[in-house]
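Pasting run_22.txt here (compact mmCIF, C-alpha atoms and all ligand atoms):
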```
# COMPACT_ATOMS: atom_id res chain seq x y z
CA MET A 37 -26.35 250.58 104.04
CA ARG A 38 -26.03 246.84 104.54
CA PHE A 39 -22.80 247.35 106.44
CA VAL A 40 -24.36 249.52 109.14
CA PRO A 41 -25.86 246.72 111.26
CA LEU A 42 -22.57 244.82 111.18
CA LEU A 43 -20.63 247.89 112.24
CA LEU A 44 -23.09 248.58 115.05
CA LEU A 45 -22.92 245.01 116.24
CA GLY A 46 -19.13 245.13 116.28
CA THR A 47 -19.19 248.31 118.36
CA LEU A 48 -21.62 246.86 120.86
CA VAL A 49 -19.70 243.61 121.24
CA SER A 50 -16.40 245.36 121.84
CA ALA A 51 -18.01 247.84 124.26
CA CYS A 52 -19.55 244.99 126.27
CA ALA A 53 -16.29 243.08 126.33
CA LYS A 54 -14.47 246.09 127.78
CA GLU A 55 -16.86 247.64 130.24
CA GLY A 56 -20.28 246.01 130.12
CA PRO A 57 -21.59 244.65 133.42
CA PRO A 58 -22.11 240.89 133.74
CA VAL A 59 -25.41 239.97 132.12
CA ALA A 60 -26.83 238.55 135.36
CA ASP A 61 -26.58 241.96 137.07
CA VAL A 62 -28.70 243.73 134.47
CA VAL A 63 -32.38 243.99 135.31
CA SER A 64 -34.01 243.78 131.91
CA GLU A 65 -37.68 243.68 132.89
CA PRO A 66 -39.08 247.04 133.96
CA GLN A 67 -40.62 247.48 137.38
CA THR A 68 -44.39 247.61 136.93
CA VAL A 69 -46.46 250.20 138.78
CA THR A 70 -50.23 250.21 138.34
CA VAL A 71 -52.17 253.31 139.33
CA THR A 72 -55.96 253.47 139.33
CA ALA A 73 -57.65 256.74 138.35
CA THR A 74 -61.19 257.66 139.40
CA ASP A 75 -63.28 260.85 139.22
CA TYR A 76 -61.29 262.43 140.96
CA GLY A 77 -58.37 260.68 142.57
CA TYR A 78 -55.53 258.19 142.25
CA GLN A 79 -54.90 254.89 143.99
CA LEU A 80 -51.15 254.28 144.14
CA PRO A 81 -49.74 250.81 144.84
CA SER A 82 -48.99 250.03 148.49
CA ALA A 83 -45.62 248.44 147.64
CA PRO A 84 -42.61 250.79 147.57
CA ILE A 85 -41.70 252.29 144.19
CA LYS A 86 -38.00 252.05 143.33
CA ALA A 87 -35.93 254.12 140.93
CA GLY A 88 -34.94 252.55 137.61
CA LEU A 89 -36.64 251.32 134.46
CA THR A 90 -40.37 251.35 135.20
CA THR A 91 -43.64 250.90 133.35
CA ILE A 92 -46.48 252.90 134.88
CA THR A 93 -49.95 251.80 133.81
CA LEU A 94 -52.85 254.13 134.52
CA VAL A 95 -56.15 252.23 134.73
CA ASN A 96 -59.05 254.64 134.29
CA GLU A 97 -62.09 253.58 136.32
CA GLY A 98 -63.69 257.01 135.96
CA LYS A 99 -66.18 258.45 133.49
CA GLU A 100 -63.83 261.22 132.32
CA ILE A 101 -60.49 261.11 130.51
CA HIS A 102 -57.53 261.13 132.90
CA HIS A 103 -53.77 261.27 132.80
CA LEU A 104 -50.97 261.10 135.32
CA THR A 105 -48.31 263.79 135.17
CA LEU A 106 -45.15 263.00 137.10
CA ILE A 107 -43.63 266.13 138.59
CA ARG A 108 -40.34 265.68 140.41
CA LEU A 109 -39.68 268.19 143.18
CA ALA A 110 -36.16 269.43 143.89
CA ASP A 111 -34.67 268.23 147.18
CA GLY A 112 -36.23 270.04 150.13
CA LYS A 113 -39.43 271.01 148.29
CA THR A 114 -42.71 269.57 149.48
CA MET A 115 -46.17 268.84 148.18
CA SER A 116 -47.50 271.91 150.01
CA ASP A 117 -44.84 274.10 148.34
CA PHE A 118 -46.13 272.79 145.02
CA MET A 119 -49.79 273.40 145.93
CA THR A 120 -48.94 277.01 146.80
CA ALA A 121 -46.97 277.44 143.57
CA ILE A 122 -49.73 276.21 141.24
CA GLU A 123 -52.28 278.53 142.86
CA THR A 124 -50.07 281.42 141.76
CA PRO A 125 -50.52 282.48 138.12
CA GLY A 126 -47.48 282.17 135.90
CA PRO A 127 -45.05 279.44 134.91
CA VAL A 128 -44.36 276.39 137.06
CA PRO A 129 -41.23 277.02 139.17
CA ASP A 130 -37.88 275.51 138.11
CA TRP A 131 -37.85 273.19 141.13
CA ALA A 132 -40.87 271.28 139.79
CA VAL A 133 -39.79 269.24 136.77
CA GLY A 134 -42.34 267.63 134.44
CA MET A 135 -41.23 264.03 133.94
CA GLY A 136 -43.98 262.62 131.75
CA GLY A 137 -46.17 259.71 132.79
CA PRO A 138 -49.14 258.00 131.11
CA ASN A 139 -51.41 260.39 129.21
CA GLY A 140 -54.82 260.14 127.59
CA ALA A 141 -56.42 257.18 129.38
CA PRO A 142 -60.02 256.89 128.12
CA PRO A 143 -62.88 256.03 130.52
CA GLY A 144 -62.76 252.29 131.15
CA GLY A 145 -59.39 252.04 129.41
CA GLU A 146 -55.76 252.54 130.28
CA ALA A 147 -52.54 254.26 129.24
CA ASN A 148 -48.90 253.44 129.92
CA ALA A 149 -45.49 255.07 130.16
CA THR A 150 -42.08 253.40 130.40
CA LEU A 151 -39.26 255.50 131.77
CA VAL A 152 -36.13 255.43 133.89
CA LEU A 153 -37.46 256.79 137.19
CA GLU A 154 -35.16 258.87 139.37
CA SER A 155 -35.46 258.60 143.13
CA GLY A 156 -37.02 261.50 144.98
CA THR A 157 -40.27 263.22 145.87
CA TYR A 158 -42.90 263.50 143.17
CA VAL A 159 -46.32 265.00 142.76
CA VAL A 160 -48.73 263.10 140.49
CA ALA A 161 -51.54 265.22 139.09
CA CYS A 162 -54.22 265.39 136.41
CA PHE A 163 -54.52 268.74 134.60
CA ILE A 164 -57.41 267.72 132.32
CA PRO A 165 -60.49 269.92 132.82
CA SER A 166 -63.99 268.65 133.66
CA PRO A 167 -67.06 269.86 131.76
CA ASP A 168 -67.31 272.65 134.38
CA GLY A 169 -63.87 273.89 133.32
CA VAL A 170 -62.19 273.00 136.61
CA PRO A 171 -59.03 270.91 136.17
CA HIS A 172 -59.11 267.53 137.89
CA PHE A 173 -56.22 268.34 140.26
CA ALA A 174 -58.38 271.09 141.77
CA LYS A 175 -61.01 268.41 142.49
CA GLY A 176 -58.52 266.32 144.43
CA MET A 177 -56.69 264.48 141.66
CA ILE A 178 -53.23 265.27 142.98
CA MET A 179 -51.02 263.47 145.48
CA GLY A 180 -47.45 262.90 146.56
CA MET A 181 -45.37 259.89 145.53
CA GLU A 182 -41.99 258.81 146.89
CA VAL A 183 -39.50 256.94 144.70
CA GLN A 184 -36.80 255.12 146.64
CA PRO A 185 -33.22 254.61 145.42
CA GLU A 186 -32.79 251.59 143.18
CA ASP A 187 -31.33 248.34 144.48
CA GLY A 188 -28.69 247.81 141.82
CA ALA A 189 -28.01 248.11 138.13
CA THR A 190 -30.96 249.00 135.97
CA ALA A 191 -31.65 248.56 132.29
CA ALA A 192 -31.69 251.52 129.93
CA LEU A 193 -34.87 252.59 128.17
CA PRO A 194 -35.42 250.23 125.22
CA ALA A 195 -35.86 251.73 121.76
CA GLY A 196 -39.46 251.76 120.57
CA ASP A 197 -40.77 250.89 117.10
CA ILE A 198 -41.38 254.54 116.21
CA GLN A 199 -39.31 257.56 117.24
CA VAL A 200 -41.31 260.72 118.00
CA GLY A 201 -39.78 264.17 118.47
CA LEU A 202 -41.49 267.05 120.32
CA LEU A 203 -40.50 270.60 119.47
CA GLU A 204 -41.81 274.16 119.07
CA TYR A 205 -44.34 273.58 117.69
CA GLY A 206 -44.87 270.21 116.15
CA PHE A 207 -44.18 266.49 116.11
CA THR A 208 -41.74 264.43 114.08
CA LEU A 209 -42.31 260.72 113.39
CA SER A 210 -39.59 258.36 112.17
CA GLN A 211 -42.20 256.41 110.20
CA THR A 212 -45.95 255.94 109.85
CA PRO A 213 -47.03 253.26 112.35
CA MET A 214 -48.54 250.04 111.05
CA ALA A 215 -51.57 248.40 112.68
CA GLY A 216 -50.88 246.36 115.81
CA LYS A 217 -49.39 247.00 119.23
CA ARG A 218 -46.73 249.66 118.67
CA SER A 219 -44.22 251.24 121.00
CA PHE A 220 -43.23 254.88 120.64
CA THR A 221 -40.03 256.44 121.97
CA VAL A 222 -40.74 260.12 122.56
CA THR A 223 -38.02 262.74 123.02
CA ASN A 224 -38.59 266.36 123.96
CA GLN A 225 -36.17 268.04 121.55
CA GLY A 226 -37.57 271.51 122.25
CA LYS A 227 -37.00 274.31 124.73
CA GLU A 228 -40.42 274.16 126.42
CA PRO A 229 -42.21 271.30 128.19
CA HIS A 230 -44.35 269.24 125.81
CA GLU A 231 -46.77 266.34 125.97
CA VAL A 232 -48.24 263.95 123.45
CA VAL A 233 -51.80 262.65 123.44
CA LEU A 234 -52.49 259.95 120.86
CA VAL A 235 -56.08 260.07 119.65
CA ARG A 236 -58.07 257.85 117.33
CA LEU A 237 -60.27 260.16 115.28
CA ALA A 238 -63.92 259.41 114.53
CA PRO A 239 -64.66 259.06 110.80
CA GLY A 240 -64.59 262.45 109.07
CA LYS A 241 -63.34 264.31 112.17
CA THR A 242 -60.15 266.35 112.43
CA ILE A 243 -57.59 266.73 115.18
CA GLU A 244 -58.58 270.41 115.48
CA GLN A 245 -62.19 269.41 116.20
CA LEU A 246 -60.97 266.99 118.84
CA ALA A 247 -58.80 269.67 120.45
CA ALA A 248 -61.73 272.08 120.63
CA TRP A 249 -63.91 269.37 122.17
CA LEU A 250 -61.36 268.54 124.86
CA GLU A 251 -60.71 272.21 125.64
CA ALA A 252 -64.45 272.77 126.06
CA GLY A 253 -64.65 270.04 128.70
CA GLU A 254 -65.72 267.06 126.59
CA GLN A 255 -69.26 268.26 125.91
CA GLY A 256 -71.29 266.69 123.13
CA PRO A 257 -70.39 263.70 120.97
CA PRO A 258 -66.63 263.05 120.95
CA PRO A 259 -64.81 263.57 117.60
CA GLY A 260 -62.43 260.82 118.66
CA GLU A 261 -60.92 259.21 121.73
CA PRO A 262 -57.50 259.31 123.37
CA ILE A 263 -55.71 255.98 123.48
CA GLY A 264 -52.49 256.92 125.27
CA GLY A 265 -49.49 259.18 125.15
CA LEU A 266 -47.10 260.87 127.56
CA SER A 267 -47.80 263.74 129.96
CA GLY A 268 -45.78 266.96 130.22
CA MET A 269 -42.07 266.30 129.76
CA ASN A 270 -39.33 268.87 130.30
CA PRO A 271 -36.75 269.43 127.52
CA GLY A 272 -34.39 266.49 127.10
CA GLN A 273 -36.72 263.88 128.58
CA VAL A 274 -37.13 260.55 126.76
CA GLN A 275 -39.91 258.06 127.53
CA ASN A 276 -41.83 255.27 125.82
CA PHE A 277 -45.50 254.46 125.52
CA SER A 278 -47.34 251.76 123.64
CA ALA A 279 -50.77 251.59 122.07
CA ASP A 280 -52.85 249.13 120.08
CA LEU A 281 -53.49 250.58 116.64
CA THR A 282 -56.32 249.42 114.40
CA PRO A 283 -56.64 250.79 110.86
CA GLY A 284 -57.90 254.37 110.91
CA THR A 285 -56.90 258.00 111.29
CA TYR A 286 -54.91 259.09 114.33
CA GLY A 287 -53.56 262.32 115.69
CA PHE A 288 -50.94 263.62 118.10
CA ILE A 289 -51.71 266.75 120.08
CA CYS A 290 -50.05 268.89 122.78
CA PHE A 291 -52.06 271.00 125.26
CA VAL A 292 -49.13 272.48 127.20
CA PRO A 293 -49.48 276.28 127.39
CA ALA A 294 -46.94 278.39 125.49
CA PRO A 295 -45.39 281.51 127.05
CA ASP A 296 -48.22 283.54 125.45
CA GLY A 297 -50.79 281.43 127.31
CA ALA A 298 -52.17 279.68 124.22
CA PRO A 299 -51.96 275.87 124.14
CA HIS A 300 -49.27 274.46 121.88
CA PHE A 301 -51.86 272.93 119.53
CA ALA A 302 -53.04 276.47 118.74
CA HIS A 303 -49.46 277.13 117.57
CA GLY A 304 -49.63 274.11 115.28
CA MET A 305 -48.51 271.31 117.61
CA VAL A 306 -50.73 268.66 116.04
CA ALA A 307 -50.03 265.82 113.62
CA THR A 308 -52.28 263.38 111.80
CA PHE A 309 -51.43 259.99 110.33
CA THR A 310 -53.32 257.08 108.82
CA VAL A 311 -52.76 253.50 109.96
CA SER A 312 -53.49 250.80 107.41
CU CU B 401 -46.02 271.10 123.24
```
Re-express the file's structure as structure tokens.
Ligand SMILES: [Cu+2]
Amino acid sequence: MRFVPLLLLGTLVSACAKEGPPVADVVSEPQTVTVTATDYGYQLPSAPIKAGLTTITLVNEGKEIHHLTLIRLADGKTMSDFMTAIETPGPVPDWAVGMGGPNGAPPGGEANATLVLESGTYVVACFIPSPDGVPHFAKGMIMGMEVQPEDGATAALPAGDIQVGLLEYGFTLSQTPMAGKRSFTVTNQGKEPHEVVLVRLAPGKTIEQLAAWLEAGEQGPPPGEPIGGLSGMNPGQVQNFSADLTPGTYGFICFVPAPDGAPHFAHGMVATFTVS
């Protein structure tokens, strides 16, 4: 195994020598976009958002848990087309593609997502339900967002500390995370859209108890709290998120509905791990 890094290095060096762009042209720092969430709305930055490697931070100033789901609309489709489509029961149309975004921002906290943004027209929306059962987007937490073409070369998505796979129906982890600030690279390896919510469980509580609590509209004492993750991603999507991990028990969970209408966690899409 000790030869692998040397071989990889050799491959990278020769690839750069042949076709790599000059170092000065590569933008290595991601564009940063900060979005504020309230009960129930978003405040997007006033500066234009460009395509390319981007970190979106969702700052939750509300009293409820929020997320930001990026939905890219096919060319020619509008926000009002999307509003009409989601009022119709059944699957989301093919022209609206779930492209992740920061998930599971606790009240007073934040969540982040790093991704290579494509230019185009997006809808940003929160699908988390309130205690009354009404999802936040139906209370106004939905808006359009334009992403302009990038200026030049952009960096690729960096590899995170831990690789996470999403599939029907479960999670794979390349390793158990250690305490500290950790970055996760999440790939949807399945055939359906998936999300990941990272939760820190309260002592003695299970991920199933937390799922039931969230589904019931966060009533009663919380069995844990979300500390980040990535919103609904279509198959093939890859994004990063980071979270500060203190020793304790954590879980991953997916709430995306399956074709039978049941959320993925009810089909077993949960995972638990202990950070020491
Ligand atoms: Cu899922």
Which residues of chain A come within 10 Å of ligand CU 401 (chain B), and what is each one's closest atom pair and distance in Å (one decimal), counting only C-alpha atoms and all ligand atoms, sorted by chain and residue number, as a tab-separated table?
```
residue	atom	partner	partner_atom	distance
A:Leu202	CA	B:CU401	CU	6.7
A:Leu203	CA	B:CU401	CU	6.7
A:Glu204	CA	B:CU401	CU	6.7
A:Tyr205	CA	B:CU401	CU	6.3
A:Gly206	CA	B:CU401	CU	7.2
A:Phe207	CA	B:CU401	CU	8.7
A:Asn224	CA	B:CU401	CU	8.8
A:Gly226	CA	B:CU401	CU	8.5
A:Lys227	CA	B:CU401	CU	9.7
A:Glu228	CA	B:CU401	CU	7.1
A:Pro229	CA	B:CU401	CU	6.2
A:His230	CA	B:CU401	CU	3.6
A:Glu231	CA	B:CU401	CU	5.5
A:Val232	CA	B:CU401	CU	7.5
A:Gly268	CA	B:CU401	CU	8.1
A:Met269	CA	B:CU401	CU	9.0
A:Asn270	CA	B:CU401	CU	10.0
A:Ile289	CA	B:CU401	CU	7.8
A:Cys290	CA	B:CU401	CU	4.6
A:Phe291	CA	B:CU401	CU	6.4
A:Val292	CA	B:CU401	CU	5.2
A:Pro293	CA	B:CU401	CU	7.5
A:Ala294	CA	B:CU401	CU	7.7
A:Pro299	CA	B:CU401	CU	7.7
A:His300	CA	B:CU401	CU	4.9
A:Phe301	CA	B:CU401	CU	7.2
A:Ala302	CA	B:CU401	CU	9.9
A:His303	CA	B:CU401	CU	9.0
A:Gly304	CA	B:CU401	CU	9.2
A:Met305	CA	B:CU401	CU	6.2
A:Val306	CA	B:CU401	CU	8.9
```
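With all atoms listed in the file as the atoms that count, the minimum distance from Leu106 of chain A to the choices A:Glu261, A:Asp75, A:Glu244, A:Glu154 is reached by A:Glu154.
Rounded to one decimal, atom CA of Pro138 of chain A and atom CA of Val69 of chain A lie 11.3 Å from each other.
Between Gly88 of chain A and the candidates A:Leu104, A:Leu237, A:Ala189, A:Leu246, the tightest atom-to-atom separation, counting only C-alpha atoms, involves A:Ala189.
Atom pair atom CA of Ala73 of chain A / atom CA of Asn96 of chain A: separated by 4.8 Å.
Note that atom CA of Ser267 of chain A and atom CA of Ser155 of chain A are 18.8 Å apart.
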Practice item. Do a neighbour search on Arg108 of chain A at 7 Å with all atoms listed in the file, toss out local chain neighbours closer than 3 positions, and write the hits as a list in words. Key: Ala132, Val133, Gly134, Met135, Thr157, Tyr158 and Val159 of chain A
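The shortest atom-to-atom distance to Gly216 of chain A, with all atoms listed in the file taken into account, belongs to A:Ala279 out of A:Ala87, A:Leu151, A:Ala279, A:Leu109.
You can rank A:Gln79, A:Thr74, A:Gln199, A:Thr105 by their closest distance to Ala149 of chain A using only C-alpha atoms, and at the top of that list sits A:Thr105.
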Practice item. Skip Arg218 of chain A itself and residues of its chain fewer than 6 positions away, then list as a PyMOL selection string all residues within 10 Å of it, counting all atoms listed in the file. Key: chain A and resi 196-198+277-281
